[in-house]
file start.pdb (PDB, C-alpha atoms)
ATOM      1  CA  MET A 264       8.870  23.098   4.054
ATOM      2  CA  PRO A 265       8.436  19.837   5.986
ATOM      3  CA  ALA A 266      11.262  19.266   8.391
ATOM      4  CA  TYR A 267      13.416  16.285   9.181
ATOM      5  CA  ASP A 268      12.612  14.582  12.468
ATOM      6  CA  ALA A 269      15.245  14.366  15.167
ATOM      7  CA  ASP A 270      13.017  12.960  17.902
ATOM      8  CA  LEU A 271      12.288   9.552  16.413
ATOM      9  CA  PHE A 272      15.455   9.249  14.312
ATOM     10  CA  THR A 273      19.159   9.778  14.902
ATOM     11  CA  PRO A 274      20.593  11.213  12.755
ATOM     12  CA  PRO A 275      17.525  13.208  11.691
ATOM     13  CA  ALA A 276      15.427  11.678   8.913
ATOM     14  CA  PRO A 277      12.861  13.017   6.433
ATOM     15  CA  LEU A 278       9.430  12.488   7.948
ATOM     16  CA  ALA A 279       6.125  13.103   6.208
ATOM     17  CA  ARG A 280       2.770  13.641   7.865
ATOM     18  CA  VAL A 281       0.021  11.908   5.928
ATOM     19  CA  THR A 282      -3.707  11.371   6.278
ATOM     20  CA  LEU A 283      -5.159   7.866   6.343
ATOM     21  CA  ARG A 284      -8.769   7.192   5.432
ATOM     22  CA  ASN A 285     -11.020   4.240   6.051
ATOM     23  CA  GLN A 286     -12.518   3.367   2.657
ATOM     24  CA  THR A 287     -15.588   1.872   4.292
ATOM     25  CA  ASP A 288     -16.892   4.717   6.432
ATOM     26  CA  GLY A 289     -14.714   7.629   5.326
ATOM     27  CA  ALA A 290     -13.175   8.158   8.756
ATOM     28  CA  THR A 291      -9.850   9.971   8.540
ATOM     29  CA  LEU A 292      -6.773  10.342  10.693
ATOM     30  CA  SER A 293      -4.351  13.132   9.878
ATOM     31  CA  GLY A 294      -0.783  13.819  10.944
ATOM     32  CA  VAL A 295       0.338  10.198  10.796
ATOM     33  CA  PRO A 296       4.169  10.166  10.824
ATOM     34  CA  MET A 297       5.797   8.290   7.950
ATOM     35  CA  LEU A 298       9.516   7.910   7.300
ATOM     36  CA  ILE A 299      10.461   8.693   3.703
ATOM     37  CA  ASP A 300      12.400   5.539   2.892
ATOM     38  CA  SER A 301      13.375   4.908  -0.722
ATOM     39  CA  GLY A 302      14.975   1.638   0.348
ATOM     40  CA  ALA A 303      11.587   0.218   1.236
ATOM     41  CA  ASP A 304       9.845  -1.780  -1.477
ATOM     42  CA  VAL A 305       6.415  -0.939  -0.109
ATOM     43  CA  THR A 306       4.665   1.329   2.369
ATOM     44  CA  LEU A 307       3.842   0.346   5.942
ATOM     45  CA  VAL A 308       1.338   2.214   8.106
ATOM     46  CA  PRO A 309       1.381   2.242  11.929
ATOM     47  CA  ARG A 310      -0.868  -0.372  13.497
ATOM     48  CA  ALA A 311      -2.121   2.139  16.074
ATOM     49  CA  SER A 312      -3.467   4.332  13.274
ATOM     50  CA  VAL A 313      -5.174   1.393  11.590
ATOM     51  CA  ASN A 314      -6.815   0.440  14.882
ATOM     52  CA  GLN A 315      -7.880   4.010  15.546
ATOM     53  CA  LEU A 316      -9.654   4.121  12.199
ATOM     54  CA  GLY A 317     -11.327   0.777  12.828
ATOM     55  CA  ILE A 318     -10.063  -0.682   9.580
ATOM     56  CA  SER A 319     -10.505  -4.430   9.446
ATOM     57  CA  ILE A 320      -7.419  -6.562   8.953
ATOM     58  CA  ASP A 321      -7.627  -9.775   6.960
ATOM     59  CA  PRO A 322      -6.214 -12.396   9.357
ATOM     60  CA  ASN A 323      -5.557 -14.805   6.510
ATOM     61  CA  LEU A 324      -3.417 -12.516   4.364
ATOM     62  CA  ASN A 325       0.124 -11.467   5.144
ATOM     63  CA  TYR A 326       3.425 -10.837   3.436
ATOM     64  CA  GLU A 327       6.966 -11.824   4.251
ATOM     65  CA  LEU A 328       9.499  -9.029   4.552
ATOM     66  CA  MET A 329      13.258  -9.230   4.559
ATOM     67  CA  THR A 330      15.661  -6.953   6.378
ATOM     68  CA  PHE A 331      19.070  -5.803   5.229
ATOM     69  CA  ASP A 332      20.665  -8.682   7.155
ATOM     70  CA  GLY A 333      18.443 -11.299   5.536
ATOM     71  CA  SER A 334      16.181 -11.952   8.513
ATOM     72  CA  THR A 335      12.490 -12.197   7.729
ATOM     73  CA  SER A 336       9.294 -11.012   9.363
ATOM     74  CA  ILE A 337       5.580 -11.137   8.689
ATOM     75  CA  ALA A 338       3.311  -8.147   8.051
ATOM     76  CA  GLN A 339      -0.458  -8.028   7.767
ATOM     77  CA  VAL A 340      -2.264  -5.859   5.229
ATOM     78  CA  VAL A 341      -5.141  -3.416   5.016
ATOM     79  CA  GLU A 342      -6.919  -1.608   2.218
ATOM     80  CA  LEU A 343      -7.109   2.151   2.758
ATOM     81  CA  ASP A 344      -6.541   5.586   1.263
ATOM     82  CA  LEU A 345      -3.330   7.442   2.036
ATOM     83  CA  VAL A 346      -3.370  11.168   1.332
ATOM     84  CA  PHE A 347       0.016  12.752   0.670
ATOM     85  CA  LEU A 348       0.999  15.862  -1.279
ATOM     86  CA  LYS A 349      -2.582  16.452  -2.434
ATOM     87  CA  ARG A 350      -2.889  12.991  -3.919
ATOM     88  CA  ILE A 351      -4.877   9.999  -2.795
ATOM     89  CA  PHE A 352      -2.978   6.712  -2.939
ATOM     90  CA  ARG A 353      -5.570   3.955  -2.842
ATOM     91  CA  GLY A 354      -4.736   0.328  -2.378
ATOM     92  CA  ARG A 355      -3.088  -2.257  -0.189
ATOM     93  CA  PHE A 356      -0.750  -1.323   2.648
ATOM     94  CA  LEU A 357       1.318  -3.343   5.072
ATOM     95  CA  ILE A 358       1.097  -2.757   8.826
ATOM     96  CA  ALA A 359       4.048  -1.882  11.052
ATOM     97  CA  ASN A 360       4.169  -2.186  14.828
ATOM     98  CA  GLN A 361       5.934   1.086  15.334
ATOM     99  CA  GLU A 362       5.162   4.714  15.966
ATOM    100  CA  ALA A 363       6.163   5.951  12.529
ATOM    101  CA  GLY A 364       5.174   4.217   9.340
ATOM    102  CA  ILE A 365       7.297   3.961   6.203
ATOM    103  CA  LEU A 366       6.679   5.561   2.831
ATOM    104  CA  GLY A 367       8.116   3.088   0.371
ATOM    105  CA  ARG A 368       8.665   3.134  -3.359
ATOM    106  CA  ASP A 369       5.080   2.122  -4.153
ATOM    107  CA  ILE A 370       4.308   5.728  -3.152
ATOM    108  CA  LEU A 371       7.610   7.522  -3.697
ATOM    109  CA  ASN A 372       7.947   6.434  -7.333
ATOM    110  CA  ASN A 373       4.867   8.523  -8.112
ATOM    111  CA  ILE A 374       6.321  11.829  -6.948
ATOM    112  CA  SER A 375       9.439  13.998  -7.062
ATOM    113  CA  LEU A 376      11.038  14.985  -3.784
ATOM    114  CA  LEU A 377      14.076  17.042  -2.890
ATOM    115  CA  LEU A 378      15.818  15.971   0.304
ATOM    116  CA  ASP A 379      17.764  18.899   1.715
ATOM    117  CA  GLY A 380      19.937  17.183   4.273
ATOM    118  CA  PRO A 381      21.993  20.200   5.327
ATOM    119  CA  GLY A 382      18.812  22.220   5.684
ATOM    120  CA  LEU A 383      17.036  19.351   7.470
ATOM    121  CA  ASN A 384      13.917  19.702   5.369
ATOM    122  CA  TRP A 385      12.337  18.221   2.263
ATOM    123  CA  ASN A 386       9.861  19.361  -0.332
ATOM    124  CA  GLU A 387       8.048  18.258  -3.450
ATOM    125  CA  GLN A 388       9.765  19.173  -6.684
ATOM    126  CA  LYS A 389       7.279  20.507  -9.174
ATOM    127  CA  SER A 390       8.229  19.695 -12.748
ATOM    128  CA  SER A 391       9.041  22.768 -14.851
ATOM    129  CA  GLN A 392       8.462  20.834 -18.061
ATOM    130  CA  THR A 393       5.114  21.188 -19.768
TER     131      THR A 393
ATOM    132  CA  MET B 222      -5.801 -14.581  36.648
ATOM    133  CA  LYS B 223      -8.674 -17.014  37.198
ATOM    134  CA  GLY B 224      -9.815 -19.141  34.329
ATOM    135  CA  THR B 225     -10.255 -22.488  32.686
ATOM    136  CA  THR B 226      -7.985 -24.095  30.136
ATOM    137  CA  TYR B 227      -9.241 -25.813  26.984
ATOM    138  CA  GLU B 228      -7.250 -27.492  24.278
ATOM    139  CA  GLY B 229      -7.975 -26.631  20.674
ATOM    140  CA  VAL B 230      -6.320 -26.574  17.299
ATOM    141  CA  VAL B 231      -5.661 -23.890  14.706
ATOM    142  CA  GLU B 232      -7.405 -24.485  11.388
ATOM    143  CA  ASN B 233      -7.296 -21.980   8.547
ATOM    144  CA  GLY B 234      -5.986 -19.342  10.909
ATOM    145  CA  LYS B 235      -8.756 -19.791  13.488
ATOM    146  CA  VAL B 236      -8.754 -21.554  16.828
ATOM    147  CA  ARG B 237     -11.222 -24.455  16.881
ATOM    148  CA  LEU B 238     -12.311 -25.756  20.266
ATOM    149  CA  PRO B 239     -13.849 -29.175  20.923
ATOM    150  CA  GLU B 240     -17.498 -29.211  19.876
ATOM    151  CA  ASN B 241     -18.752 -29.692  23.428
ATOM    152  CA  ILE B 242     -17.156 -26.445  24.591
ATOM    153  CA  ARG B 243     -19.353 -23.366  24.492
ATOM    154  CA  LEU B 244     -17.929 -20.009  25.569
ATOM    155  CA  PRO B 245     -20.035 -16.973  26.400
ATOM    156  CA  GLU B 246     -20.243 -14.376  23.649
ATOM    157  CA  LYS B 247     -17.568 -11.656  23.968
ATOM    158  CA  ALA B 248     -15.637 -13.767  26.465
ATOM    159  CA  LYS B 249     -12.024 -12.659  26.781
ATOM    160  CA  VAL B 250      -9.662 -15.516  25.983
ATOM    161  CA  TYR B 251      -5.897 -15.962  26.064
ATOM    162  CA  VAL B 252      -4.127 -18.228  23.604
ATOM    163  CA  VAL B 253      -0.997 -20.103  24.650
ATOM    164  CA  VAL B 254       0.908 -21.880  21.901
ATOM    165  CA  PRO B 255       3.287 -24.487  23.347
ATOM    166  CA  ASP B 256       6.497 -25.337  21.511
ATOM    167  CA  ALA B 257       5.931 -22.693  18.863
ATOM    168  CA  GLU B 258       8.245 -19.909  17.879
ATOM    169  CA  SER B 259       6.383 -16.743  17.040
ATOM    170  CA  GLN B 260       7.538 -15.005  13.919
ATOM    171  CA  PRO B 261       8.486 -11.398  14.448
ATOM    172  CA  ILE B 262       6.076  -8.841  13.082
ATOM    173  CA  ALA B 263       6.998  -6.028  10.730
ATOM    174  CA  TYR B 264      10.117  -4.155  11.719
ATOM    175  CA  ILE B 265      11.575  -0.720  11.141
ATOM    176  CA  GLY B 266      13.763   0.308   8.239
ATOM    177  CA  SER B 267      13.874  -0.284   4.479
ATOM    178  CA  PRO B 268      11.873  -3.509   4.305
ATOM    179  CA  ARG B 269      12.069  -5.580   1.138
ATOM    180  CA  LEU B 270       9.442  -8.029  -0.009
ATOM    181  CA  LEU B 271      10.823 -11.520   0.349
ATOM    182  CA  HIS B 272       8.896 -12.451  -2.786
ATOM    183  CA  SER B 273       9.515  -9.517  -5.098
ATOM    184  CA  GLU B 274       6.847 -10.695  -7.531
ATOM    185  CA  GLN B 275       4.304  -9.584  -4.904
ATOM    186  CA  ALA B 276       5.198  -5.941  -5.484
ATOM    187  CA  GLY B 277       2.363  -5.741  -7.988
ATOM    188  CA  ASP B 278      -0.106  -6.326  -5.151
ATOM    189  CA  PHE B 279       0.834  -2.898  -3.821
ATOM    190  CA  LYS B 280       0.392  -0.866  -6.967
ATOM    191  CA  LYS B 281      -1.659   2.177  -6.031
ATOM    192  CA  GLU B 282      -4.498   3.967  -7.708
ATOM    193  CA  VAL B 283      -3.362   7.594  -7.639
ATOM    194  CA  ILE B 284      -5.971  10.335  -7.604
ATOM    195  CA  GLU B 285      -4.292  13.691  -8.248
ATOM    196  CA  GLU B 286      -4.946  17.244  -7.171
ATOM    197  CA  ILE B 287      -7.364  16.837  -4.334
ATOM    198  CA  ASN B 288      -8.305  19.475  -1.827
ATOM    199  CA  ASP B 289      -6.894  18.475   1.579
ATOM    200  CA  ALA B 290      -9.697  20.311   3.329
ATOM    201  CA  GLY B 291     -12.203  18.067   1.657
ATOM    202  CA  ILE B 292     -11.332  14.960   3.604
TER     203      ILE B 292
END

call {"tool": "encode", "arguments": {"input": "start.pdb", "output": "C-alpha coordinates"}}
result
Amino acid sequence: MPAYDADLFTPPAPLARVTLRNQTDGATLSGVPMLIDSGADVTLVPRASVNQLGISIDPNLNYELMTFDGSTSIAQVVELDLVFLKRIFRGRFLIANQEAGILGRDILNNISLLLDGPGLNWNEQKSSQT
Amino acid sequence: MKGTTYEGVVENGKVRLPENIRLPEKAKVYVVVPDAESQPIAYIGSPRLLHSEQAGDFKKEVIEEINDAGI
(Lines of atoms letter the chains of each structure in order from A and count residues from 1; the text may use other names and numbers.)
(Lines give C-alpha, C1' and ligand atoms only; values in the text may rest on other atoms or scores of the structure.)
Protein backbone atom coordinates (compact mmCIF):
# COMPACT_ATOMS: atom_id res chain seq x y z
CA MET A 1 0.00 0.00 0.00
CA PRO A 2 1.31 3.50 -0.78
CA ALA A 3 2.71 5.17 2.27
CA TYR A 4 2.30 8.60 3.75
CA ASP A 5 5.28 10.89 3.29
CA ALA A 6 7.08 12.26 6.32
CA ASP A 7 9.99 13.86 4.47
CA LEU A 8 8.12 16.59 2.62
CA PHE A 9 5.23 16.95 5.08
CA THR A 10 4.89 17.29 8.83
CA PRO A 11 2.76 15.66 10.07
CA PRO A 12 2.96 12.93 7.43
CA ALA A 13 0.61 13.29 4.46
CA PRO A 14 -0.78 10.92 1.82
CA LEU A 15 1.47 11.15 -1.21
CA ALA A 16 0.84 9.51 -4.57
CA ARG A 17 3.41 8.78 -7.24
CA VAL A 18 1.98 9.43 -10.69
CA THR A 19 3.21 9.32 -14.26
CA LEU A 20 2.98 12.40 -16.48
CA ARG A 21 2.97 12.13 -20.25
CA ASN A 22 3.58 14.66 -22.96
CA GLN A 23 0.61 14.37 -25.34
CA THR A 24 2.69 15.62 -28.24
CA ASP A 25 5.61 13.20 -28.31
CA GLY A 26 4.55 10.57 -25.78
CA ALA A 27 7.47 11.21 -23.45
CA THR A 28 6.73 10.06 -19.91
CA LEU A 29 8.00 10.82 -16.44
CA SER A 30 7.12 8.42 -13.65
CA GLY A 31 7.30 8.71 -9.88
CA VAL A 32 6.16 12.32 -9.74
CA PRO A 33 5.15 13.08 -6.12
CA MET A 34 1.64 14.46 -5.67
CA LEU A 35 -0.05 15.36 -2.40
CA ILE A 36 -3.55 13.90 -2.10
CA ASP A 37 -5.44 17.06 -1.22
CA SER A 38 -9.24 16.94 -1.24
CA GLY A 39 -9.29 20.62 -0.30
CA ALA A 40 -7.82 21.55 -3.65
CA ASP A 41 -10.30 22.45 -6.38
CA VAL A 42 -7.92 21.34 -9.11
CA THR A 43 -4.67 19.47 -9.67
CA LEU A 44 -1.27 21.14 -9.90
CA VAL A 45 1.81 19.43 -11.34
CA PRO A 46 5.41 20.36 -10.45
CA ARG A 47 6.99 22.81 -12.87
CA ALA A 48 10.24 20.83 -12.88
CA SER A 49 8.39 17.80 -14.23
CA VAL A 50 6.69 19.85 -16.93
CA ASN A 51 10.05 21.26 -17.99
CA GLN A 52 11.65 17.83 -17.98
CA LEU A 53 8.99 16.56 -20.36
CA GLY A 54 9.39 19.58 -22.62
CA ILE A 55 5.70 20.40 -22.49
CA SER A 56 4.97 23.84 -23.86
CA ILE A 57 3.26 26.33 -21.57
CA ASP A 58 0.82 28.85 -22.99
CA PRO A 59 2.19 32.20 -21.77
CA ASN A 60 -1.14 33.90 -22.36
CA LEU A 61 -3.30 31.60 -20.25
CA ASN A 62 -3.31 31.46 -16.48
CA TYR A 63 -5.69 31.06 -13.58
CA GLU A 64 -6.06 32.87 -10.30
CA LEU A 65 -5.92 30.77 -7.16
CA MET A 66 -6.96 31.67 -3.65
CA THR A 67 -5.45 30.41 -0.43
CA PHE A 68 -7.23 29.67 2.82
CA ASP A 69 -6.40 33.19 4.04
CA GLY A 70 -7.83 34.85 0.95
CA SER A 71 -4.54 35.79 -0.69
CA THR A 72 -4.34 35.13 -4.41
CA SER A 73 -1.71 33.81 -6.78
CA ILE A 74 -1.37 33.06 -10.47
CA ALA A 75 -0.78 29.63 -12.02
CA GLN A 76 -0.01 28.74 -15.61
CA VAL A 77 -1.50 25.71 -17.34
CA VAL A 78 -0.46 22.79 -19.51
CA GLU A 79 -2.27 20.04 -21.36
CA LEU A 80 -0.98 16.57 -20.50
CA ASP A 81 -1.88 13.04 -19.45
CA LEU A 82 -1.65 12.07 -15.80
CA VAL A 83 -1.59 8.35 -15.08
CA PHE A 84 -2.81 7.32 -11.64
CA LEU A 85 -4.32 4.07 -10.37
CA LYS A 86 -4.33 2.54 -13.86
CA ARG A 87 -6.32 5.40 -15.33
CA ILE A 88 -5.30 8.15 -17.69
CA PHE A 89 -6.58 11.60 -16.73
CA ARG A 90 -6.33 13.75 -19.83
CA GLY A 91 -6.82 17.47 -19.83
CA ARG A 92 -5.69 20.78 -18.43
CA PHE A 93 -3.47 21.04 -15.37
CA LEU A 94 -2.13 23.95 -13.38
CA ILE A 95 1.59 24.29 -12.62
CA ALA A 96 3.07 24.56 -9.13
CA ASN A 97 6.54 25.81 -8.27
CA GLN A 98 7.17 23.16 -5.69
CA GLU A 99 8.68 19.73 -5.39
CA ALA A 100 5.41 17.89 -4.90
CA GLY A 101 2.33 18.56 -6.95
CA ILE A 102 -1.25 18.42 -5.70
CA LEU A 103 -3.96 15.94 -6.63
CA GLY A 104 -7.14 17.95 -6.42
CA ARG A 105 -10.80 17.09 -6.70
CA ASP A 106 -10.78 17.17 -10.51
CA ILE A 107 -8.93 13.85 -10.14
CA LEU A 108 -9.99 12.63 -6.70
CA ASN A 109 -13.72 12.83 -7.44
CA ASN A 110 -13.22 10.07 -10.01
CA ILE A 111 -11.88 7.49 -7.57
CA SER A 112 -12.40 5.99 -4.12
CA LEU A 113 -9.55 6.17 -1.65
CA LEU A 114 -9.12 5.01 1.91
CA LEU A 115 -6.79 7.15 4.00
CA ASP A 116 -5.41 5.08 6.86
CA GLY A 117 -3.91 7.76 9.05
CA PRO A 118 -2.89 5.54 11.96
CA GLY A 119 -1.31 3.11 9.53
CA LEU A 120 0.30 5.95 7.54
CA ASN A 121 -0.77 4.50 4.22
CA TRP A 122 -3.57 4.84 1.69
CA ASN A 123 -5.13 2.65 -0.94
CA GLU A 124 -7.80 2.58 -3.60
CA GLN A 125 -11.13 1.23 -2.47
CA LYS A 126 -12.55 -1.13 -5.03
CA SER A 127 -16.34 -1.06 -5.12
CA SER A 128 -17.95 -4.35 -4.06
CA GLN A 129 -21.19 -3.42 -5.78
CA THR A 130 -21.84 -4.82 -9.23
CA MET B 1 27.41 41.14 -15.94
CA LYS B 2 28.23 43.04 -19.13
CA GLY B 3 25.42 44.13 -21.35
CA THR B 4 23.34 46.82 -22.95
CA THR B 5 20.01 48.14 -21.76
CA TYR B 6 17.04 48.76 -24.05
CA GLU B 7 13.63 50.05 -23.18
CA GLY B 8 10.59 48.20 -24.44
CA VAL B 9 6.97 47.62 -23.60
CA VAL B 10 4.86 44.55 -22.89
CA GLU B 11 2.09 43.96 -25.41
CA ASN B 12 -0.14 40.90 -25.32
CA GLY B 13 2.25 39.23 -22.92
CA LYS B 14 5.34 39.77 -25.08
CA VAL B 15 8.15 42.28 -24.78
CA ARG B 16 8.30 44.58 -27.80
CA LEU B 17 11.54 46.45 -28.41
CA PRO B 18 11.91 49.58 -30.56
CA GLU B 19 11.90 48.66 -34.24
CA ASN B 20 15.49 49.76 -34.76
CA ILE B 21 16.79 47.27 -32.21
CA ARG B 22 17.88 43.91 -33.55
CA LEU B 23 19.16 41.25 -31.15
CA PRO B 24 21.10 38.18 -32.21
CA GLU B 25 19.06 34.99 -32.38
CA LYS B 26 19.17 32.99 -29.11
CA ALA B 27 20.60 35.98 -27.26
CA LYS B 28 20.14 35.68 -23.51
CA VAL B 29 18.20 38.64 -22.15
CA TYR B 30 17.18 39.80 -18.69
CA VAL B 31 13.94 41.67 -18.11
CA VAL B 32 13.73 44.30 -15.38
CA VAL B 33 10.28 45.67 -14.62
CA PRO B 34 10.50 48.95 -12.69
CA ASP B 35 7.74 49.91 -10.27
CA ALA B 36 5.90 46.63 -10.74
CA GLU B 37 4.89 44.18 -8.09
CA SER B 38 5.21 40.61 -9.25
CA GLN B 39 2.29 38.40 -8.42
CA PRO B 40 3.24 35.29 -6.53
CA ILE B 41 3.09 32.06 -8.48
CA ALA B 42 1.17 28.98 -7.43
CA TYR B 43 1.62 28.03 -3.81
CA ILE B 44 1.35 24.90 -1.72
CA GLY B 45 -1.78 23.62 -0.04
CA SER B 46 -5.47 23.26 -0.90
CA PRO B 47 -5.72 25.91 -3.62
CA ARG B 48 -9.16 27.12 -4.63
CA LEU B 49 -10.01 28.67 -7.97
CA LEU B 50 -10.72 32.34 -7.44
CA HIS B 51 -13.34 32.08 -10.17
CA SER B 52 -15.12 28.83 -9.38
CA GLU B 53 -16.93 28.84 -12.72
CA GLN B 54 -13.55 27.96 -14.27
CA ALA B 55 -13.63 24.53 -12.66
CA GLY B 56 -15.19 23.18 -15.84
CA ASP B 57 -11.97 23.98 -17.69
CA PHE B 58 -10.30 21.23 -15.68
CA LYS B 59 -12.76 18.43 -16.29
CA LYS B 60 -10.73 15.39 -17.27
CA GLU B 61 -11.20 12.73 -19.88
CA VAL B 62 -10.74 9.52 -17.91
CA ILE B 63 -9.48 6.43 -19.69
CA GLU B 64 -9.89 3.40 -17.43
CA GLU B 65 -8.01 0.17 -16.94
CA ILE B 66 -4.76 0.80 -18.70
CA ASN B 67 -1.63 -1.26 -18.40
CA ASP B 68 1.01 0.81 -16.56
CA ALA B 69 3.77 -1.03 -18.38
CA GLY B 70 2.43 0.21 -21.66
CA ILE B 71 3.43 3.81 -21.17

call {"tool": "interface_residues", "arguments": {"input": "start.pdb", "of": "chain A", "to": "chain B", "cutoff": "8 Å", "atoms": "only C-alpha atoms", "output": "PyMOL selection string"}}
result
chain A and resi 291+300-305+322-323+326-331+335-338+349-356+358-361+365+367+369-370

call {"tool": "atom_distance", "arguments": {"input": "start.pdb", "atom1": "atom CA of A:Tyr267", "atom2": "atom CA of A:Ser293"}}
result
18.1 Å

call {"tool": "resolve_selection", "arguments": {"input": "start.pdb", "expression": "the PyMOL selection byres ((chain A and resi 278) around 6)", "output": "list in words"}}
result
Tyr267, Asp268, Pro277, Ala279, Met297, Leu298 and Ile299 of chain A

call {"tool": "residues_around", "arguments": {"input": "start.pdb", "residues": "A:Leu316", "least_positions_apart": "6", "cutoff": "12 Å", "atoms": "all atoms listed in the file", "output": "number ranges by chain"}}
result
A: 282-293, 295, 308-310, 341-344

call {"tool": "atom_distance", "arguments": {"input": "start.pdb", "atom1": "atom CA of A:Asp321", "atom2": "atom CA of B:Arg243"}}
result
25.1 Å

call {"tool": "atom_distance", "arguments": {"input": "start.pdb", "atom1": "atom CA of A:Leu307", "atom2": "atom CA of A:Asn384"}}
result
21.8 Å

call {"tool": "residues_around", "arguments": {"input": "start.pdb", "residues": "B:Asn241", "least_positions_apart": "5", "cutoff": "12 Å", "atoms": "only C-alpha atoms", "output": "list in words"}}
result
Tyr227, Glu228 and Gly229 of chain B

call {"tool": "write_last_selection", "arguments": {"input": "start.pdb", "atoms": "C-alpha atoms", "output": "JSON list (two decimals), keeping the file's coordinate frame"}}
result
[["chain", "number", "residue", "atom", "x", "y", "z"],
["B", 227, "TYR", "CA", -9.24, -25.81, 26.98],
["B", 228, "GLU", "CA", -7.25, -27.49, 24.28],
["B", 229, "GLY", "CA", -7.98, -26.63, 20.67]]

call {"tool": "resolve_selection", "arguments": {"input": "start.pdb", "expression": "the PyMOL selection byres ((chain B and resi 249-252) around 10)", "output": "JSON, numbers by chain"}}
result
{"B": [224, 225, 226, 227, 228, 229, 236, 244, 245, 246, 247, 248, 253, 254, 255]}

call {"tool": "closest_residue", "arguments": {"input": "start.pdb", "among": "A:Ser312, A:Thr273, A:Thr306, A:Ser390", "to": "A:Gly294", "atoms": "all atoms listed in the file"}}
result
A:Ser312

call {"tool": "closest_residue", "arguments": {"input": "start.pdb", "among": "A:Pro265, A:Pro296, A:Gly333, A:Gly317", "to": "A:Glu362", "atoms": "only C-alpha atoms"}}
result
A:Pro296

call {"tool": "axis_aligned_box", "arguments": {"input": "start.pdb", "around": "stretch 369-388 of chain A", "padding_each_side": "5 Å", "output": "lines of an AutoDock Vina configuration file"}}
result
center_x = 13.2
center_y = 12.2
center_z = -0.3
size_x = 27.7
size_y = 30.1
size_z = 25.6

call {"tool": "resolve_selection", "arguments": {"input": "start.pdb", "expression": "the PyMOL selection byres ((chain A and resi 387) around 7)", "output": "PDB file with C-alpha atoms, in the frame of the given file"}}
result
ATOM      1  CA  SER A 375       9.439  13.998  -7.062  1.00  0.00           C
ATOM      2  CA  LEU A 376      11.038  14.985  -3.784  1.00  0.00           C
ATOM      3  CA  LEU A 377      14.076  17.042  -2.890  1.00  0.00           C
ATOM      4  CA  ASN A 386       9.861  19.361  -0.332  1.00  0.00           C
ATOM      5  CA  GLN A 388       9.765  19.173  -6.684  1.00  0.00           C
ATOM      6  CA  LYS A 389       7.279  20.507  -9.174  1.00  0.00           C
TER       7      LYS A 389
END

call {"tool": "build_atoms", "arguments": {"input": "start.pdb", "residues": "stretch 272-283 of chain A", "atoms": "N, CA and C atoms", "output": "PDB file, keeping the file's coordinate frame"}}
result
ATOM      1  N   PHE A 272      14.341   9.793  15.091  1.00  0.00           N
ATOM      2  CA  PHE A 272      15.455   9.249  14.312  1.00  0.00           C
ATOM      3  C   PHE A 272      16.752   9.989  14.618  1.00  0.00           C
ATOM      4  N   THR A 273      17.827   9.225  14.739  1.00  0.00           N
ATOM      5  CA  THR A 273      19.159   9.778  14.902  1.00  0.00           C
ATOM      6  C   THR A 273      20.107   9.074  13.941  1.00  0.00           C
ATOM      7  N   PRO A 274      20.736   9.788  13.028  1.00  0.00           N
ATOM      8  CA  PRO A 274      20.593  11.213  12.755  1.00  0.00           C
ATOM      9  C   PRO A 274      19.199  11.540  12.208  1.00  0.00           C
ATOM     10  N   PRO A 275      18.861  12.819  12.138  1.00  0.00           N
ATOM     11  CA  PRO A 275      17.525  13.208  11.691  1.00  0.00           C
ATOM     12  C   PRO A 275      17.175  12.605  10.334  1.00  0.00           C
ATOM     13  N   ALA A 276      15.885  12.322  10.146  1.00  0.00           N
ATOM     14  CA  ALA A 276      15.427  11.678   8.913  1.00  0.00           C
ATOM     15  C   ALA A 276      14.214  12.425   8.357  1.00  0.00           C
ATOM     16  N   PRO A 277      14.026  12.353   7.028  1.00  0.00           N
ATOM     17  CA  PRO A 277      12.861  13.017   6.433  1.00  0.00           C
ATOM     18  C   PRO A 277      11.567  12.311   6.829  1.00  0.00           C
ATOM     19  N   LEU A 278      10.679  13.049   7.451  1.00  0.00           N
ATOM     20  CA  LEU A 278       9.430  12.488   7.948  1.00  0.00           C
ATOM     21  C   LEU A 278       8.270  13.245   7.322  1.00  0.00           C
ATOM     22  N   ALA A 279       7.329  12.502   6.783  1.00  0.00           N
ATOM     23  CA  ALA A 279       6.125  13.103   6.208  1.00  0.00           C
ATOM     24  C   ALA A 279       4.959  12.893   7.162  1.00  0.00           C
ATOM     25  N   ARG A 280       4.029  13.794   7.114  1.00  0.00           N
ATOM     26  CA  ARG A 280       2.770  13.641   7.865  1.00  0.00           C
ATOM     27  C   ARG A 280       1.672  13.410   6.846  1.00  0.00           C
ATOM     28  N   VAL A 281       1.027  12.263   6.916  1.00  0.00           N
ATOM     29  CA  VAL A 281       0.021  11.908   5.928  1.00  0.00           C
ATOM     30  C   VAL A 281      -1.332  11.761   6.610  1.00  0.00           C
ATOM     31  N   THR A 282      -2.356  11.664   5.787  1.00  0.00           N
ATOM     32  CA  THR A 282      -3.707  11.371   6.278  1.00  0.00           C
ATOM     33  C   THR A 282      -4.095   9.980   5.800  1.00  0.00           C
ATOM     34  N   LEU A 283      -4.642   9.188   6.703  1.00  0.00           N
ATOM     35  CA  LEU A 283      -5.159   7.866   6.343  1.00  0.00           C
ATOM     36  C   LEU A 283      -6.680   7.908   6.395  1.00  0.00           C
TER      37      LEU A 283
END
